[in-house]
Structure formats: C-alpha cells, structure tokens
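Next up, target-v3.txt (compact mmCIF, C-alpha atoms):
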```txt
# COMPACT_ATOMS: atom_id res chain seq x y z
CA GLY P 1 -13.94 -7.61 -3.27
CA ALA P 2 -10.96 -9.49 -4.56
CA VAL P 3 -8.92 -11.48 -2.05
CA VAL P 4 -5.17 -11.58 -1.73
CA SER P 5 -3.74 -14.10 0.68
CA GLN P 6 -0.28 -13.73 2.11
CA HIS P 7 1.51 -16.48 3.99
CA PRO P 8 2.87 -16.72 6.58
CA SER P 9 1.41 -13.94 8.71
CA TRP P 10 4.47 -13.92 10.91
CA VAL P 11 7.77 -15.71 10.98
CA ILE P 12 10.81 -15.76 13.22
CA CYS P 13 14.07 -16.97 11.77
CA LYS P 14 17.72 -17.13 12.68
CA SER P 15 20.32 -14.87 11.10
CA GLY P 16 21.75 -16.34 7.95
CA THR P 17 18.72 -18.38 7.01
CA SER P 18 16.30 -17.70 4.16
CA VAL P 19 12.60 -17.04 4.42
CA LYS P 20 9.99 -17.34 1.69
CA ILE P 21 6.78 -15.32 1.72
CA GLU P 22 3.91 -16.23 -0.59
CA CYS P 23 1.32 -13.93 -2.07
CA ARG P 24 -1.70 -15.42 -3.80
CA SER P 25 -4.63 -13.83 -5.57
CA LEU P 26 -7.48 -16.15 -4.70
CA ASP P 27 -10.25 -15.13 -7.06
CA PHE P 28 -8.65 -13.17 -9.86
CA GLN P 29 -5.63 -13.23 -12.13
CA ALA P 30 -2.94 -10.78 -11.15
CA THR P 31 -0.64 -9.76 -13.94
CA THR P 32 1.23 -7.42 -11.63
CA MET P 33 2.15 -7.85 -8.00
CA PHE P 34 3.92 -5.35 -5.80
CA TRP P 35 6.03 -6.00 -2.75
CA TYR P 36 6.27 -3.39 -0.02
CA ARG P 37 8.14 -3.04 3.20
CA GLN P 38 6.71 -1.12 6.12
CA PHE P 39 8.82 0.02 9.04
CA PRO P 40 7.12 0.75 12.38
CA LYS P 41 4.98 3.87 12.21
CA GLN P 42 6.14 4.58 8.70
CA SER P 43 4.68 4.35 5.24
CA LEU P 44 4.92 1.53 2.76
CA MET P 45 8.06 1.54 0.68
CA LEU P 46 7.81 -0.12 -2.68
CA MET P 47 10.50 -2.75 -3.00
CA ALA P 48 9.76 -4.27 -6.38
CA THR P 49 7.17 -4.88 -9.03
CA SER P 50 6.74 -8.31 -10.49
CA ASN P 51 4.99 -9.20 -13.70
CA GLU P 52 3.94 -12.75 -14.45
CA GLY P 53 6.53 -14.57 -16.50
CA SER P 54 9.19 -11.87 -16.39
CA LYS P 55 11.88 -10.61 -14.07
CA ALA P 56 10.93 -8.32 -11.25
CA THR P 57 11.74 -4.63 -11.39
CA TYR P 58 13.45 -3.48 -8.21
CA GLU P 59 13.38 -0.02 -6.73
CA GLN P 60 16.57 1.86 -6.22
CA GLY P 61 18.42 0.72 -3.13
CA VAL P 62 16.74 -2.69 -2.93
CA GLU P 63 19.20 -5.57 -3.25
CA LYS P 64 18.07 -7.96 -5.96
CA ASP P 65 20.20 -10.82 -4.65
CA LYS P 66 18.85 -10.44 -1.15
CA PHE P 67 15.17 -10.09 -1.96
CA LEU P 68 14.39 -12.67 -4.60
CA ILE P 69 11.01 -12.27 -6.25
CA ASN P 70 9.35 -14.85 -8.42
CA HIS P 71 6.02 -14.42 -10.18
CA ALA P 72 5.56 -17.89 -11.56
CA SER P 73 1.86 -17.75 -12.32
CA LEU P 74 -1.03 -15.33 -12.57
CA THR P 75 -2.02 -16.10 -9.01
CA LEU P 76 1.25 -16.51 -7.15
CA SER P 77 4.26 -14.36 -6.38
CA THR P 78 6.93 -15.16 -3.81
CA LEU P 79 9.46 -13.03 -1.97
CA THR P 80 12.49 -14.82 -0.55
CA VAL P 81 14.65 -12.97 1.92
CA THR P 82 18.02 -14.65 1.60
CA SER P 83 20.65 -14.77 4.33
CA ALA P 84 18.40 -12.76 6.60
CA HIS P 85 19.86 -10.35 9.14
CA PRO P 86 18.20 -8.56 12.06
CA GLU P 87 17.98 -5.35 10.00
CA ASP P 88 15.69 -7.23 7.59
CA SER P 89 13.12 -7.50 10.35
CA SER P 90 10.08 -5.66 9.11
CA PHE P 91 6.51 -5.94 7.92
CA TYR P 92 6.29 -7.08 4.31
CA ILE P 93 3.11 -6.56 2.31
CA CYS P 94 2.17 -7.69 -1.16
CA SER P 95 -0.51 -6.32 -3.41
CA ALA P 96 -1.97 -7.57 -6.65
CA ARG P 97 -3.66 -5.89 -9.56
CA ARG P 98 -6.09 -7.42 -11.93
CA ARG P 99 -5.54 -7.65 -15.64
CA VAL P 100 -7.40 -4.48 -16.47
CA ILE P 101 -6.63 -0.96 -17.59
CA LEU P 102 -4.93 1.57 -15.40
CA GLY P 103 -7.11 2.87 -12.60
CA THR P 104 -8.19 -0.28 -10.82
CA GLU P 105 -7.15 -0.48 -7.23
CA ALA P 106 -4.62 -2.92 -5.95
CA PHE P 107 -5.69 -5.51 -3.40
CA PHE P 108 -3.46 -6.15 -0.42
CA GLY P 109 -2.43 -9.18 1.49
CA GLN P 110 -2.58 -9.09 5.27
CA GLY P 111 1.17 -8.73 5.53
CA THR P 112 3.98 -10.82 6.98
CA ARG P 113 5.86 -9.76 10.05
CA LEU P 114 9.43 -11.03 9.80
CA THR P 115 11.65 -11.10 12.86
CA VAL P 116 15.25 -12.13 12.42
CA VAL P 117 17.04 -13.10 15.60
CA GLY H 118 9.35 11.54 -10.03
CA ASP H 119 5.74 11.02 -9.03
CA SER H 120 5.16 11.37 -5.31
CA VAL H 121 2.54 11.85 -2.62
CA THR H 122 2.78 14.15 0.38
CA GLN H 123 0.45 13.79 3.31
CA MET H 124 -0.30 15.96 6.27
CA GLU H 125 1.90 14.93 9.14
CA GLY H 126 0.37 13.23 12.11
CA PRO H 127 -0.53 12.11 14.54
CA VAL H 128 -3.98 13.66 14.55
CA THR H 129 -6.15 13.43 17.65
CA LEU H 130 -9.78 14.47 17.61
CA SER H 131 -12.86 14.09 19.73
CA GLU H 132 -15.78 12.01 18.56
CA GLU H 133 -18.11 13.87 16.17
CA ALA H 134 -15.40 16.34 15.20
CA CYS H 135 -14.79 17.27 11.58
CA LEU H 136 -11.78 15.69 9.90
CA THR H 137 -9.54 16.77 7.04
CA ILE H 138 -6.31 14.98 6.14
CA ASN H 139 -4.44 16.81 3.43
CA CYS H 140 -2.84 15.02 0.51
CA THR H 141 -1.05 16.55 -2.44
CA TYR H 142 0.68 14.84 -5.29
CA THR H 143 3.14 15.41 -8.07
CA ALA H 144 2.74 13.48 -11.28
CA THR H 145 3.73 13.85 -14.89
CA GLY H 146 0.68 12.06 -16.27
CA TYR H 147 -2.88 11.43 -15.16
CA PRO H 148 -2.68 9.17 -12.14
CA SER H 149 -5.45 7.50 -10.22
CA LEU H 150 -5.66 8.50 -6.57
CA PHE H 151 -6.58 6.42 -3.55
CA TRP H 152 -7.02 6.53 0.17
CA TYR H 153 -6.16 3.36 2.06
CA VAL H 154 -6.80 2.69 5.73
CA GLN H 155 -4.95 0.42 8.11
CA TYR H 156 -6.79 -0.40 11.32
CA PRO H 157 -4.75 -1.54 14.33
CA GLY H 158 -3.36 -5.01 13.76
CA GLU H 159 -4.85 -5.34 10.29
CA GLY H 160 -3.71 -5.04 6.70
CA LEU H 161 -4.37 -2.24 4.26
CA GLN H 162 -7.86 -1.73 2.93
CA LEU H 163 -9.03 0.50 0.14
CA LEU H 164 -11.18 3.29 1.53
CA LEU H 165 -12.00 5.23 -1.63
CA LYS H 166 -10.62 6.16 -5.01
CA ALA H 167 -10.87 8.61 -7.90
CA THR H 168 -9.58 7.97 -11.37
CA LYS H 169 -9.90 11.36 -13.08
CA ALA H 170 -10.07 15.05 -12.36
CA ASP H 171 -13.14 16.25 -10.43
CA ASP H 172 -14.12 12.70 -9.49
CA LYS H 173 -15.27 12.34 -5.89
CA GLY H 174 -14.64 9.11 -4.05
CA SER H 175 -16.73 8.30 -1.01
CA ASN H 176 -17.13 5.48 1.48
CA LYS H 177 -18.13 5.09 5.13
CA GLY H 178 -18.82 8.82 5.39
CA PHE H 179 -15.39 9.75 4.05
CA GLU H 180 -14.99 11.79 0.88
CA ALA H 181 -12.13 13.01 -1.29
CA THR H 182 -12.21 14.97 -4.54
CA TYR H 183 -9.55 14.71 -7.22
CA ARG H 184 -8.45 18.32 -7.79
CA LYS H 185 -6.10 18.58 -10.72
CA GLU H 186 -5.74 22.35 -10.47
CA THR H 187 -4.38 22.10 -6.94
CA THR H 188 -2.97 18.55 -7.33
CA SER H 189 -4.78 17.54 -4.17
CA PHE H 190 -6.92 14.70 -2.87
CA HIS H 191 -7.81 15.70 0.68
CA LEU H 192 -9.71 13.21 2.83
CA GLU H 193 -12.72 14.60 4.72
CA LYS H 194 -15.36 13.37 7.11
CA GLY H 195 -17.99 15.48 8.77
CA SER H 196 -18.31 13.57 12.02
CA VAL H 197 -15.69 11.06 13.08
CA GLN H 198 -16.21 8.07 15.34
CA VAL H 199 -13.92 6.19 17.68
CA SER H 200 -13.91 3.31 15.18
CA ASP H 201 -12.25 5.59 12.61
CA SER H 202 -9.02 5.46 14.60
CA ALA H 203 -6.45 4.08 12.17
CA VAL H 204 -3.57 5.04 9.91
CA TYR H 205 -4.63 6.59 6.61
CA PHE H 206 -2.49 6.47 3.49
CA CYS H 207 -2.92 8.55 0.39
CA ALA H 208 -1.67 6.80 -2.74
CA LEU H 209 -1.12 7.46 -6.41
CA PHE H 210 -1.15 4.92 -9.21
CA GLY H 211 0.42 5.87 -12.45
CA ILE H 212 3.14 5.31 -14.98
CA ILE H 213 6.42 6.11 -13.28
CA GLN H 214 9.62 5.72 -15.27
CA GLY H 215 7.82 3.54 -17.74
CA ALA H 216 6.30 1.19 -15.18
CA GLN H 217 2.94 1.04 -13.43
CA LYS H 218 3.45 1.78 -9.77
CA LEU H 219 1.44 2.45 -6.65
CA VAL H 220 3.17 5.07 -4.53
CA PHE H 221 2.13 5.88 -0.96
CA GLY H 222 2.28 8.93 1.19
CA GLN H 223 3.87 8.67 4.61
CA GLY H 224 0.61 7.88 6.38
CA THR H 225 -1.34 9.84 8.99
CA ARG H 226 -2.22 8.25 12.30
CA LEU H 227 -5.67 9.29 13.46
CA THR H 228 -6.91 8.79 17.00
CA ILE H 229 -10.48 9.58 17.94
CA ASN H 230 -11.27 9.98 21.63
CA PRO H 231 -14.76 9.32 23.00
```
Could I get this structure in the form of structure tokens?
Amino acid sequence: GAVVSQHPSWVICKSGTSVKIECRSLDFQATTMFWYRQFPKQSLMLMATSNEGSKATYEQGVEKDKFLINHASLTLSTLTVTSAHPEDSSFYICSARRRVILGTEAFFGQGTRLTVV
Amino acid sequence: GDSVTQMEGPVTLSEEACLTINCTYTATGYPSLFWYVQYPGEGLQLLLKATKADDKGSNKGFEATYRKETTSFHLEKGSVQVSDSAVYFCALFGIIQGAQKLVFGQGTRLTINP
C-alpha cells in the first residue's frame, strides 16, 4: 500500500516555542492532505484540509494563526504549531489521498506526539 | 452535517467470541465508508472499506456491509483473537460543505482476553 511518513514521531518543546511537523507521501502524489488531532482515548478530530498550492481549509474552532499548514508540493504538507502551550500537547496525525476520484482511502502517517512543557 | 456514530466502548470479549461493533452514519450524499484500526502504540491502518450501497468490505476475517436503508456499516467478526485487541474507528468520506472530508466516529476500544 501507499506510504505516508510523518516526522518527527515525538517531540518535546518549551512553552512559547514553535514546532513543525512534516507529512510526506513517499510513493504517490497527494493532492489533498488532512491533519487530525487525537486526544487520549478519543477519536480523531479533523483540524484542517490542505490542497496542494492553495490555502488550507480549517475546521470550526481551529485557530488558523496557531496551526499553520502549508502544502507546498504534491508530496509534502507541514503543520506548524506556533507559540505552543501545554494545552496543545496531543497526538497529531496526517493523512494523504491520491489524485483519484472520490472513494479511495486515505493513508495515514504514524502520528506525532507533541508534549509542551 | 455528515457524521458517524459508533457503539460506545470499551468492549471486552473472550477469544473466539463473536464480535459486532455498530456504526451508523448521516450523510446528504453518497459517501464511502471505512473501518480503521489502531493497534496499541501504532498509527491508523485501513481495515476495510465499501464505496457504494450493498458493498461488503472484508479483511482479516472482519466484514462490514454498506446498508443505505439503515445508514449502517457494522463491523463483524465470527471468532476474535487476542491479536484483534485495538481501537476501531468507523469513518465516512464524502463531500461535506463543499469539501472532501474524512470524518471519524469516536472509536471503540476492543480487548480480547485469552
């Protein structure tokens, strides 16, 4: 199956600093990438959808200025958590879809566990 | 808007028991439906999918049938194993407010005891 690589797998940062998470589709072109946040023992909450070459579409309640998403190429999307606070600590997961018609599954990265201290 | 509702967990069964995890959805169009599985310490993996009504997805002994009349996509397995212990997510992919989105249910934690 298609491979999506997410980096880093885990990161610890100090409050007030920024953290960048990368999501790469290794063997296919991803026109659409999704960023999710997963709280402990809870489901995945869609944060935003990014399309290559255009601005990301954020879900209601997600701060655009705090969670910066860039989808610069067909194989790379980045999520930057700016001025991180302890409440931003969570598990962040990206997924990528191929350039095909509706109905193809999304492929997931392994996730990034962010801890803000 | 489009949404997915899963049977609440956690679910604990003995090995070789029969499993059903309920999933129902609401959608304005014709979404594709998926079951994803997350094993302890790992990322999400696609378990099975169905893209139209009456389709049956199957994998690793698990099955789910896309029932449009009942808007359901229940996950079933006839005989579970300890290695099936994981969190299972039902998901819907469709056009929501003009954009393609993958929406997840709340997840069901399954524990299988030997």
* Report the distance between atom CA of Tyr142 of chain H and atom CA of Gln214 of chain H in Å, rounded to one decimal place. =>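 If I compute the distance from atom CA of Tyr142 of chain H to atom CA of Gln214 of chain H, I get 16.2 Å.
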How close does chain P get to chain H? List, as CSV, each residue of chain P within 7 Å, its nearest atom pair and the distance in Å to one decimal, counting only C-alpha atoms.
```
residue,atom,partner,partner_atom,distance
P:Gln42,CA,H:Gln223,CA,6.2
P:Ser43,CA,H:Gln223,CA,4.4
P:Leu44,CA,H:Phe221,CA,6.4
P:Gly103,CA,H:Ser149,CA,5.5
P:Phe108,CA,H:Leu161,CA,6.2
P:Gly109,CA,H:Gly160,CA,6.8
P:Gln110,CA,H:Gly160,CA,4.4
P:Gly111,CA,H:Gly160,CA,6.2
```
* **Pairwise distance for atom CA of Thr143 of chain H and atom CA of Ala208 of chain H, rounded to one decimal in Å** =>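 Value for the atom CA of Thr143 of chain H-atom CA of Ala208 of chain H distance: 11.2 Å.
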* **Near-segment 193-200 of chain H list (10 Å; all atoms listed in the file; drop same-chain fewer than 5 positions) as a PyMOL selection string** => chain H and resi 130-139+156+175-182+227-231
* To do: Provide the atom CA of Leu114 of chain P to atom CA of Ala30 of chain P distance in Å, to one decimal place.
  =>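 Calculated distance between atom CA of Leu114 of chain P and atom CA of Ala30 of chain P is 24.3 Å.
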* Asked: Using all atoms listed in the file, which residues sit within 7 Å of segment 65-81 of chain P once same-chain residues fewer than 3 positions away are excluded, as a list in words?
  ->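 Skipping anything fewer than 3 positions along the chain leaves Ser18, Val19, Lys20, Ile21, Glu22, Cys23, Arg24, Ser25, Leu26, Gln29, Ala30, Thr31, Ser50, Asn51, Glu52, Gly53, Ala56 and Ala84 of chain P.
Across P:Val3, P:Ser83, P:Thr32, P:Ala106, the tightest approach to Trp152 of chain H is made by P:Ala106 when counting only C-alpha atoms.
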